[in-house]
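For reference, the structure is listed below as structure tokens.
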Amino acid sequence: MMKKKGKKNLLFGGILIATFLLWTLLIQTVDVHPLGQNGTNIGFATFNCWFHRLTDVHMTIYTITDWLGLVPLVVCLIFAGVGLIQMIKRKSLCKVDVDIIILGVYYVAVILAYSIFEIIPINYRPILIEGVMEASYPSSTTLLVLCVMPTLIEQIQRRLSSVVAKRIITIVVIVFSVFMVIGRLISGVHWFTDIVGGVLLSAGLFNTYKAAVMLSIKKI
């Protein structure tokens, strides 16, 4: 049963990643106009510019979500610590829980995806950040939050015995994630299509991670 669910997650993850790649292609070909910073091209320009004018720029929200973007990094460090403690106690990397090893590989993949789009910008932010043009697609904060925070829910469902604690953590994580995505969307530092790209890529990567865990562990 678990293997079957794992295969479905793998298929769904692959479809989402393929959709993200298609979305990226569309952004570079549909309604492209030099309406970005310093005349840079923006795909879906009519809608993106309309939405940006609608929300305007809210630097306070940007600053809050920027600082809260450290939370997923703390989650990564916590699980890195769990893996390190297991390796020290069990005196072998091979004896670390399989799902923790998969989680580590997944986090590296997320960081790699994050870095690629910082190096190769698809488009730039609607506004300058401290006088500098920054890569905008996909929303890196959205990517980080939606890739990492669901793994916290997924891990605590297996590792905690308290039903109440599970529910509280799950609710807090969901509220936090929704706040972060909406916050980045209305802060005015991203185009609407940047957020969509971040959601698609993170959903694809997370489902692929979840599939790997399901297919690797006999009973979870």
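Naming scheme: A, B, ... for chains in displayed order of the structure tokens; residues 1 onward per chain; ligands 1 onward as shown.
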
**OP:** Compile the contact shell of Phe176 (chain A) as a PyMOL selection string: residues with an atom at most 10 Å away, counting only C-alpha atoms, same-chain residues fewer than 5 positions apart removed.
**Re:** chain A and resi 68+71+145+149+170-171+181

Output file for the selection above: N, CA, C and O atoms, as a PDB file, in the first residue's frame:
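The resulting selection32.pdb:
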ATOM      1  N   LEU A  68      11.662  36.107   8.650  1.00  0.00           N
ATOM      2  CA  LEU A  68      11.022  34.825   8.951  1.00  0.00           C
ATOM      3  C   LEU A  68      11.477  33.725   8.001  1.00  0.00           C
ATOM      4  O   LEU A  68      11.289  32.539   8.271  1.00  0.00           O
ATOM      5  N   VAL A  71      13.445  30.818   9.410  1.00  0.00           N
ATOM      6  CA  VAL A  71      12.811  29.691  10.112  1.00  0.00           C
ATOM      7  C   VAL A  71      13.047  28.361   9.388  1.00  0.00           C
ATOM      8  O   VAL A  71      13.435  27.377  10.024  1.00  0.00           O
ATOM      9  N   VAL A 145      10.333  28.005   1.970  1.00  0.00           N
ATOM     10  CA  VAL A 145       9.276  27.730   2.957  1.00  0.00           C
ATOM     11  C   VAL A 145       8.472  26.489   2.568  1.00  0.00           C
ATOM     12  O   VAL A 145       8.265  25.587   3.389  1.00  0.00           O
ATOM     13  N   MET A 149       9.148  23.466   5.211  1.00  0.00           N
ATOM     14  CA  MET A 149       8.161  23.373   6.293  1.00  0.00           C
ATOM     15  C   MET A 149       7.277  22.121   6.203  1.00  0.00           C
ATOM     16  O   MET A 149       6.978  21.517   7.244  1.00  0.00           O
ATOM     17  N   THR A 170       1.358  21.014  13.282  1.00  0.00           N
ATOM     18  CA  THR A 170       0.832  21.023  11.914  1.00  0.00           C
ATOM     19  C   THR A 170       0.089  22.319  11.618  1.00  0.00           C
ATOM     20  O   THR A 170       0.302  22.956  10.577  1.00  0.00           O
ATOM     21  N   ILE A 171      -0.774  22.738  12.539  1.00  0.00           N
ATOM     22  CA  ILE A 171      -1.540  23.975  12.356  1.00  0.00           C
ATOM     23  C   ILE A 171      -0.608  25.183  12.279  1.00  0.00           C
ATOM     24  O   ILE A 171      -0.752  26.050  11.409  1.00  0.00           O
ATOM     25  N   VAL A 181       3.732  32.906   2.087  1.00  0.00           N
ATOM     26  CA  VAL A 181       3.454  32.974   0.646  1.00  0.00           C
ATOM     27  C   VAL A 181       2.619  34.205   0.314  1.00  0.00           C
ATOM     28  O   VAL A 181       2.935  34.959  -0.618  1.00  0.00           O
TER      29      VAL A 181
END

**OP:** Looking only at alpha helix (DSSP H) from DSSP on the backbone, list the matching residues of region 45-220 of chain A as a ChimeraX atom specification.
**Re:** /A:45-55,59-68,70-90,98-119,140-159,163-187,192-216

Original post:
Do you know which residues are at most 9 Å from region 122-138 of chain A counting only C-alpha atoms, after dropping those on the same chain fewer than 6 positions away, and could you put them as number ranges by chain?
Top reply: A: 24, 27-28, 35-38, 40-43, 49, 52, 57, 114, 188-191, 193-199, 201

Write out as a short mmCIF file (atom, residue, chain, number, x, y, z; two decimals) with C-alpha atoms, in the first residue's frame which residues come within 10 Å of Asn207 (chain A) when counting only C-alpha atoms, dropping same-chain ones fewer than 5 positions away.
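Generated output (result.cif):
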data_model
loop_
_atom_site.label_atom_id
_atom_site.label_comp_id
_atom_site.auth_asym_id
_atom_site.auth_seq_id
_atom_site.Cartn_x
_atom_site.Cartn_y
_atom_site.Cartn_z
CA GLY A 6 4.94 6.37 -3.08
CA LYS A 8 1.70 8.07 -7.04
CA ASN A 9 3.63 10.78 -5.20
CA LEU A 10 6.59 10.27 -7.54
CA LEU A 11 4.35 10.60 -10.58
CA PHE A 12 2.62 13.67 -9.14
CA GLY A 13 5.98 15.23 -8.26
CA GLY A 14 7.24 14.64 -11.78
CA LEU A 16 4.49 19.28 -11.04
CA ILE A 17 8.17 19.72 -11.94
CA CYS A 147 10.00 22.85 0.41
CA PRO A 150 6.07 20.44 4.94
CA SER A 202 8.42 23.36 -4.24
CA ALA A 212 11.49 8.58 -2.00
CA VAL A 213 10.73 8.13 1.71
#

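Separating CA of Thr19 (chain A) from CA of Tyr209 (chain A) is a distance of 17.2 Å.
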
Subject >> CA of Leu215 (chain A) to CA of Lys3 (chain A), straight-line distance in Å >> reply: 5.3 Å

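For the atom pair formed by CA of Leu143 (chain A) and CA of Val110 (chain A), the distance is 8.1 Å, given to one decimal.
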
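With only C-alpha atoms as the atoms that count, the minimum distance from Leu22 (chain A) to the choices A:Ile64, A:Glu154, A:Leu200, A:Lys4 is reached by A:Leu200.
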